[in-house]
file query-v2.txt (compact mmCIF, C-alpha atoms)
# COMPACT_ATOMS: atom_id res chain seq x y z
CA ARG H 188 72.39 125.33 36.63
CA MET H 189 69.43 123.82 34.80
CA TYR H 190 66.76 125.92 33.14
CA TRP H 191 63.17 124.76 32.84
CA LEU H 192 60.89 126.22 30.16
CA LYS H 193 63.44 128.88 29.26
CA ALA H 194 63.44 129.75 25.59
CA GLY H 195 66.83 129.40 23.95
CA ALA H 196 68.33 127.16 26.68
CA GLY H 197 69.74 124.37 24.52
CA SER H 198 71.23 121.06 25.57
CA GLU H 199 74.99 120.98 26.05
CA SER H 200 75.17 117.19 26.30
CA ASN H 201 77.99 115.87 24.11
CA GLY H 202 78.47 112.11 24.22
CA PRO H 203 81.39 111.96 21.75
CA ALA H 204 83.27 114.54 23.81
CA VAL H 205 82.73 112.52 27.00
CA PHE H 206 83.55 109.08 25.61
CA ALA H 207 86.65 110.14 23.70
CA SER H 208 90.00 108.41 23.39
CA SER H 209 91.55 111.61 24.76
CA ASN H 210 89.71 110.83 28.02
CA GLY H 211 91.27 107.37 28.16
CA PHE H 212 88.36 105.40 26.70
CA LEU H 213 88.96 102.47 24.34
CA GLY H 214 85.49 100.99 24.32
CA VAL H 215 82.08 102.10 25.54
CA TYR H 216 79.20 99.76 24.71
CA HIS H 217 75.81 100.95 25.91
CA MET H 218 74.32 97.56 24.93
CA GLY H 219 70.76 96.92 23.84
CA ASN H 220 69.58 98.38 20.57
CA PRO H 221 66.95 101.11 20.30
CA ALA H 222 66.13 100.12 16.71
CA ASN H 223 63.97 97.16 15.77
CA ASP H 224 66.21 94.12 16.16
CA ALA H 225 64.22 90.90 15.96
CA THR H 226 67.20 88.62 16.52
CA ALA H 227 68.93 90.97 19.01
CA THR H 228 72.20 90.46 17.16
CA SER H 229 72.81 93.73 15.34
CA ALA H 230 76.29 95.13 15.99
CA ARG H 231 76.58 97.17 19.16
CA PRO H 232 78.46 100.37 18.30
CA ASN H 233 81.50 101.57 20.17
CA SER H 234 80.71 105.10 21.38
CA VAL H 235 84.37 106.10 21.63
CA THR H 236 85.46 108.76 19.19
CA TYR H 237 87.98 107.58 16.55
CA ILE H 238 87.97 103.91 17.66
CA SER H 239 85.93 101.57 15.47
CA ASN H 240 85.79 98.29 17.43
CA ASN H 241 82.04 97.67 17.30
CA GLY H 242 80.70 94.67 19.22
CA SER H 243 79.61 91.73 17.02
CA PHE H 244 77.51 88.86 18.33
CA ASN H 245 78.63 85.28 17.75
CA THR H 246 75.63 84.14 15.75
CA GLY H 247 76.73 80.53 16.14
CA ALA H 248 74.82 80.74 19.41
CA SER H 249 71.10 81.47 19.79
CA GLY H 250 68.92 82.89 22.53
CA TYR H 251 70.16 86.47 22.65
CA SER H 252 67.56 88.99 23.76
CA ILE H 253 67.23 92.66 24.62
CA ARG H 254 66.20 93.33 28.22
CA GLU H 255 65.64 96.27 30.49
CA GLY H 256 69.04 97.22 31.84
CA ALA H 257 70.52 99.27 34.63
CA VAL H 258 71.00 102.14 32.17
CA GLY H 259 68.37 101.89 29.42
CA ALA H 260 68.33 98.74 27.28
CA ALA H 261 70.74 95.87 27.86
CA ASP H 262 71.67 92.53 26.29
CA SER H 263 70.98 89.09 27.67
CA LEU H 264 73.62 86.47 26.85
CA PRO H 265 72.49 82.81 26.87
CA GLY H 266 75.81 81.25 27.87
CA THR H 267 75.73 77.72 29.21
CA GLY H 268 78.11 78.66 32.00
CA THR H 269 80.24 75.58 31.34
CA THR H 270 82.49 75.59 28.25
CA GLU H 271 83.29 78.23 25.70
CA GLY H 272 83.31 76.35 22.39
CA ALA H 273 83.00 77.78 18.90
CA THR H 274 79.26 78.26 19.35
CA GLY H 275 79.51 79.91 22.76
CA SER H 276 77.55 83.13 23.16
CA ARG H 277 79.61 86.29 23.25
CA VAL H 278 80.06 89.78 21.86
CA THR H 279 83.40 90.04 20.04
CA LEU H 280 85.13 93.41 20.38
CA GLY H 281 87.89 93.18 17.80
CA THR H 282 91.64 93.59 18.17
CA LEU H 283 93.42 95.98 20.52
CA GLY H 284 96.85 96.29 18.96
CA THR H 285 100.23 96.77 20.58
CA GLY H 286 100.41 100.29 21.99
CA THR H 287 96.69 100.47 22.80
CA ILE H 288 97.37 99.58 26.43
CA SER H 289 100.96 100.77 26.61
CA THR H 290 101.29 102.49 29.98
CA GLY H 291 100.34 99.51 32.13
CA GLU H 292 97.03 101.10 33.10
CA VAL H 293 93.59 99.68 32.41
CA THR H 294 90.07 99.98 33.82
CA LEU H 295 87.18 97.63 33.06
CA SER H 296 83.64 98.36 34.24
CA THR H 297 80.14 97.07 33.60
CA TRP H 298 76.66 96.64 34.98
CA VAL H 299 75.80 92.94 35.19
CA LYS H 300 73.02 90.65 36.42
CA GLY H 301 74.08 87.00 36.28
CA ASN H 302 71.78 83.99 36.34
CA GLN H 303 74.26 81.51 37.78
CA GLY H 304 76.35 81.13 40.91
CA GLY H 305 78.83 78.43 41.83
CA THR H 306 82.58 78.01 41.38
CA GLN H 307 83.02 78.26 37.59
CA TRP H 308 85.14 81.00 35.98
CA ARG H 309 82.83 83.10 33.79
CA SER H 310 84.28 86.27 32.33
CA ILE H 311 82.07 89.28 31.70
CA ILE H 312 84.86 91.29 30.04
CA SER H 313 87.98 89.56 28.73
CA LEU H 314 90.92 91.08 26.88
CA GLY H 315 93.70 88.93 25.47
CA THR H 316 94.53 86.13 23.05
CA LEU H 317 92.94 82.68 23.12
CA GLY H 318 94.99 79.97 24.79
CA ASN H 319 95.21 77.54 27.66
CA CYS H 320 95.00 78.73 31.22
CA CYS H 321 97.05 80.47 32.31
CA ALA H 322 99.71 80.96 29.68
CA ALA H 323 101.58 84.25 29.72
CA THR H 324 101.18 84.44 25.93
CA THR H 325 97.44 85.11 26.37
CA ASN H 326 98.18 88.55 27.90
CA GLY H 327 94.84 88.19 29.64
CA ILE H 328 92.93 90.83 31.58
CA LEU H 329 89.67 89.33 32.87
CA LEU H 330 86.78 90.56 35.02
CA GLY H 331 83.90 88.39 36.09
CA GLN H 332 82.85 85.53 38.28
CA ALA H 333 85.82 83.84 39.93
CA GLY H 334 86.41 80.13 40.20
CA THR H 335 88.45 80.40 43.40
CA GLY H 336 85.53 80.07 45.81
CA SER H 337 81.75 80.06 46.04
CA ASN H 338 79.90 82.91 44.30
CA ARG H 339 82.92 85.21 44.12
CA ILE H 340 83.64 88.28 42.01
CA GLY H 341 87.22 88.26 40.77
CA TYR H 342 89.73 89.18 38.12
CA GLN H 343 92.79 87.70 36.51
CA VAL H 344 95.86 89.08 34.77
CA THR H 345 98.38 86.87 32.94
CA THR H 346 101.86 88.25 32.44
CA ASN H 347 105.36 86.93 31.87
CA ASN H 348 105.35 86.24 35.58
CA ASN H 349 102.85 84.03 37.38
CA PRO H 350 99.18 84.77 36.72
CA THR H 351 97.32 86.46 39.52
CA TRP H 352 93.63 86.12 40.32
CA PRO H 353 92.57 88.13 43.36
CA SER H 354 88.92 87.77 44.27
CA ALA H 355 86.44 89.07 46.80
CA ALA H 356 84.88 87.04 49.59
CA ASN H 357 82.45 84.18 49.10
CA ASP H 358 78.94 85.32 48.15
CA SER H 359 80.11 88.70 46.87
CA TRP H 360 78.61 87.56 43.54
CA GLU H 361 74.84 87.93 43.80
CA VAL H 362 72.58 85.96 41.47
CA ASN H 363 69.86 87.88 39.58
CA VAL H 364 70.85 91.20 41.18
CA TRP H 365 72.22 94.19 39.27
CA MET H 366 75.84 94.89 40.28
CA HIS H 367 78.24 97.57 39.05
CA LEU H 368 81.73 96.07 38.80
CA THR H 369 84.97 97.93 38.16
CA LEU H 370 88.58 96.73 37.93
CA SER H 371 91.32 99.38 38.01
CA ILE H 372 94.97 98.42 37.42
CA LYS H 373 98.12 100.53 37.38
CA ASN H 374 101.57 99.01 36.95
CA GLY H 375 103.86 99.69 39.88
CA SER H 376 101.10 100.84 42.22
CA GLY H 377 100.84 97.62 44.20
CA ASN H 378 97.22 98.48 44.87
CA ASP H 379 95.17 97.28 41.90
CA THR H 380 91.57 97.32 42.98
CA LEU H 381 88.23 95.62 42.38
CA TYR H 382 85.02 97.52 43.17
CA LYS H 383 81.38 96.52 43.54
CA ASN H 384 78.76 99.27 43.51
CA GLY H 385 81.42 101.93 43.98
CA VAL H 386 82.99 100.24 47.04
CA ARG H 387 86.35 98.47 47.12
CA ILE H 388 85.94 94.73 47.70
CA ALA H 389 89.38 93.33 46.79
CA THR H 390 92.92 94.54 46.13
CA THR H 391 96.35 93.09 45.45
CA GLY H 392 97.43 94.72 48.72
CA GLY H 393 100.98 95.61 47.72
CA SER H 394 101.60 92.79 45.23
CA ASP H 395 102.07 94.51 41.90
CA ILE H 396 100.40 93.33 38.70
CA ASN H 397 102.19 94.31 35.51
CA VAL H 398 99.98 94.58 32.43
CA PRO H 399 102.14 93.97 29.34
CA ASN H 400 102.07 96.14 26.24
CA ALA H 401 100.86 93.54 23.74
CA SER H 402 98.37 92.89 20.97
CA ARG H 403 95.10 91.31 22.12
CA ASN H 404 92.89 89.81 19.41
CA ALA H 405 90.24 87.79 21.26
CA ASN H 406 88.56 90.53 23.26
CA ALA H 407 84.96 89.82 24.18
CA ILE H 408 81.98 90.33 26.43
CA GLY H 409 80.67 87.12 27.98
CA ARG H 410 83.52 84.77 27.10
CA ASN H 411 86.84 83.84 28.69
CA ILE H 412 90.04 83.74 26.64
CA PHE H 413 91.01 80.42 28.26
CA ASN H 414 89.92 77.22 26.55
CA GLY H 415 87.32 75.34 28.56
CA ASP H 416 86.19 78.13 30.87
CA GLY H 417 82.55 79.06 31.12
CA THR H 418 80.48 81.44 29.04
CA PHE H 419 78.46 84.05 30.93
CA GLN H 420 74.70 83.68 31.29
CA GLY H 421 72.83 86.83 32.26
CA VAL H 422 72.28 90.47 31.35
CA VAL H 423 75.11 92.92 30.61
CA ASP H 424 74.87 96.69 30.34
CA GLU H 425 77.16 99.71 29.88
CA VAL H 426 80.53 98.03 29.27
CA ARG H 427 83.49 100.41 29.43
CA ILE H 428 87.18 99.78 28.72
CA SER H 429 89.84 102.42 29.40
CA ASN H 430 93.62 102.54 29.06
CA VAL H 431 93.94 104.62 32.22
CA SER H 432 93.56 103.61 35.85
CA ARG H 433 90.41 105.26 37.24
CA ASN H 434 90.67 106.26 40.90
CA ARG H 435 88.16 105.52 43.64
CA HIS H 436 86.46 108.90 43.28
CA TRP H 437 85.85 108.30 39.58
CA VAL H 438 84.54 104.79 40.28
CA LYS H 439 82.19 106.00 43.00
CA LEU H 440 80.81 108.81 40.85
CA ASP H 441 80.43 106.47 37.87
CA TYR H 442 78.29 104.16 40.00
CA GLU H 443 76.26 106.89 41.69
CA THR H 444 75.38 108.66 38.43
CA SER H 445 74.38 105.51 36.54
CA ARG H 446 72.58 103.36 39.09
CA PRO H 447 68.79 103.06 38.99
CA GLY H 448 67.25 105.85 41.06
CA ALA H 449 70.52 107.81 41.01
CA THR H 450 70.58 110.79 43.38
CA ALA H 451 74.10 112.10 42.76
CA VAL H 452 72.56 115.31 41.42
CA THR H 453 70.33 117.23 43.81
CA VAL H 454 67.63 119.47 42.35
CA GLY H 455 67.16 122.65 44.36
CA ALA H 456 64.31 125.11 44.49
CA ALA H 457 63.18 126.59 41.19
CA THR H 458 64.08 130.19 40.43
CA SER H 459 62.65 132.40 37.75
CA GLN H 460 64.81 133.65 34.90
CA ALA H 461 64.24 136.75 32.80
call {"tool": "encode", "arguments": {"input": "query-v2.txt", "output": "structure tokens"}}
result
Amino acid sequence: RMYWLKAGAGSESNGPAVFASSNGFLGVYHMGNPANDATATSARPNSVTYISNNGSFNTGASGYSIREGAVGAADSLPGTGTTEGATGSRVTLGTLGTGTISTGEVTLSTWVKGNQGGTQWRSIISLGTLGNCCAATTNGILLGQAGTGSNRIGYQVTTNNNPTWPSAANDSWEVNVWMHLTLSIKNGSGNDTLYKNGVRIATTGGSDINVPNASRNANAIGRNIFNGDGTFQGVVDEVRISNVSRNRHWVKLDYETSRPGATAVTVGAATSQA
């Protein structure tokens, strides 16, 4: 129940309690910066309690800017969309050591509005170690624009077995349109799932993906871990990384409560309170 104009009714909102490691969160980056930030490259803090991996911009690139996002302010990345390179635009997230993702479960989610279509791989969120595609030693977990078709959303996981890169249908990637993307993986489930705007759009369909327990030291927003793949060009908001597999109900509620014009909460008739 919500109270309007009632003396003594204080807020019970508690961000640190929500975005806590005990709730499976490893990284929550709200993006944008409410403080004055002329170059738009101040560190973006990780909101997760007890985990210090703040997001640092690669200042070897230029053209970063703060934009209106899906949820408050967001960051625009000026990636070329072609090659990564040392000067490629990205937000570096620091190392996730061995044991951070130890149960074979991971969920990646973000709001994104990309400027480019086509057939180039462009990661929005990438976890792993830099290397050539698609070496098992990279331990890659990638979510973004897939290079397996035209304007496709996709993901890739590299393991000691063959890499897998399921993707949605052609034209599932929409240019200059806000999309909420979520990837949920659970070892042994055979049903790892990709969602767009709270709706399932691709799955492994019984083929299991095993996420290895390994150290990952090249984690980033807007850059792929594979040499030569494209950097992302567009606006990114509300990036979340978890070491649990979120189910479809969680994903749907996450989308419905964060999308512009959200109506997941219905306000009823006002009642008076003594």
call {"tool": "residues_around", "arguments": {"input": "query-v2.txt", "residues": "H:Gly259", "least_positions_apart": "4", "cutoff": "9 Å", "atoms": "only C-alpha atoms", "output": "PyMOL selection string"}}
result
chain H and resi 217-219+254-255+424
call {"tool": "closest_residue", "arguments": {"input": "query-v2.txt", "among": "H:Val438, H:Thr297, H:Thr287, H:Asn245", "to": "H:Ser371", "atoms": "only C-alpha atoms"}}
result
H:Val438
call {"tool": "atom_distance", "arguments": {"input": "query-v2.txt", "atom1": "atom CA of H:Tyr382", "atom2": "atom CA of H:Ile311"}}
result
14.4 Å
call {"tool": "residues_around", "arguments": {"input": "query-v2.txt", "residues": "stretch 320-328 of chain H", "least_positions_apart": "2", "cutoff": "6 Å", "atoms": "only C-alpha atoms", "output": "list in words"}}
result
Ser313, Leu314, Gly315, Thr316, Gly318, Gln343, Val344, Thr345, Thr346, Asn347 and Phe413 of chain H
call {"tool": "residues_around", "arguments": {"input": "query-v2.txt", "residues": "H:Arg410", "least_positions_apart": "5", "cutoff": "6 Å", "atoms": "all atoms listed in the file", "output": "ChimeraX atom specification"}}
result
/H:277,310,418
call {"tool": "write_last_selection", "arguments": {"input": "query-v2.txt", "atoms": "C-alpha atoms", "output": "JSON list (two decimals), in the coordinates of the input"}}
result
[["chain", "number", "residue", "atom", "x", "y", "z"],
["H", 277, "ARG", "CA", 79.61, 86.29, 23.25],
["H", 310, "SER", "CA", 84.28, 86.27, 32.33],
["H", 418, "THR", "CA", 80.48, 81.44, 29.04]]
call {"tool": "closest_residue", "arguments": {"input": "query-v2.txt", "among": "H:Gln420, H:Asn397, H:Gly334, H:Lys439", "to": "H:Lys383", "atoms": "all atoms listed in the file"}}
result
H:Lys439
call {"tool": "residues_around", "arguments": {"input": "query-v2.txt", "residues": "H:Val386", "least_positions_apart": "4", "cutoff": "12 Å", "atoms": "all atoms listed in the file", "output": "number ranges by chain"}}
result
H: 355, 359, 366-370, 380-382, 390, 434-443
call {"tool": "residues_around", "arguments": {"input": "query-v2.txt", "residues": "H:Asn374", "least_positions_apart": "3", "cutoff": "7 Å", "atoms": "all atoms listed in the file", "output": "VMD selection string"}}
result
chain H and resid 291 to 292 395 to 398
call {"tool": "atom_distance", "arguments": {"input": "query-v2.txt", "atom1": "atom CA of H:Lys300", "atom2": "atom CA of H:Gly448"}}
result
16.9 Å
call {"tool": "atom_distance", "arguments": {"input": "query-v2.txt", "atom1": "atom CA of H:Ala449", "atom2": "atom CA of H:Val426"}}
result
18.3 Å
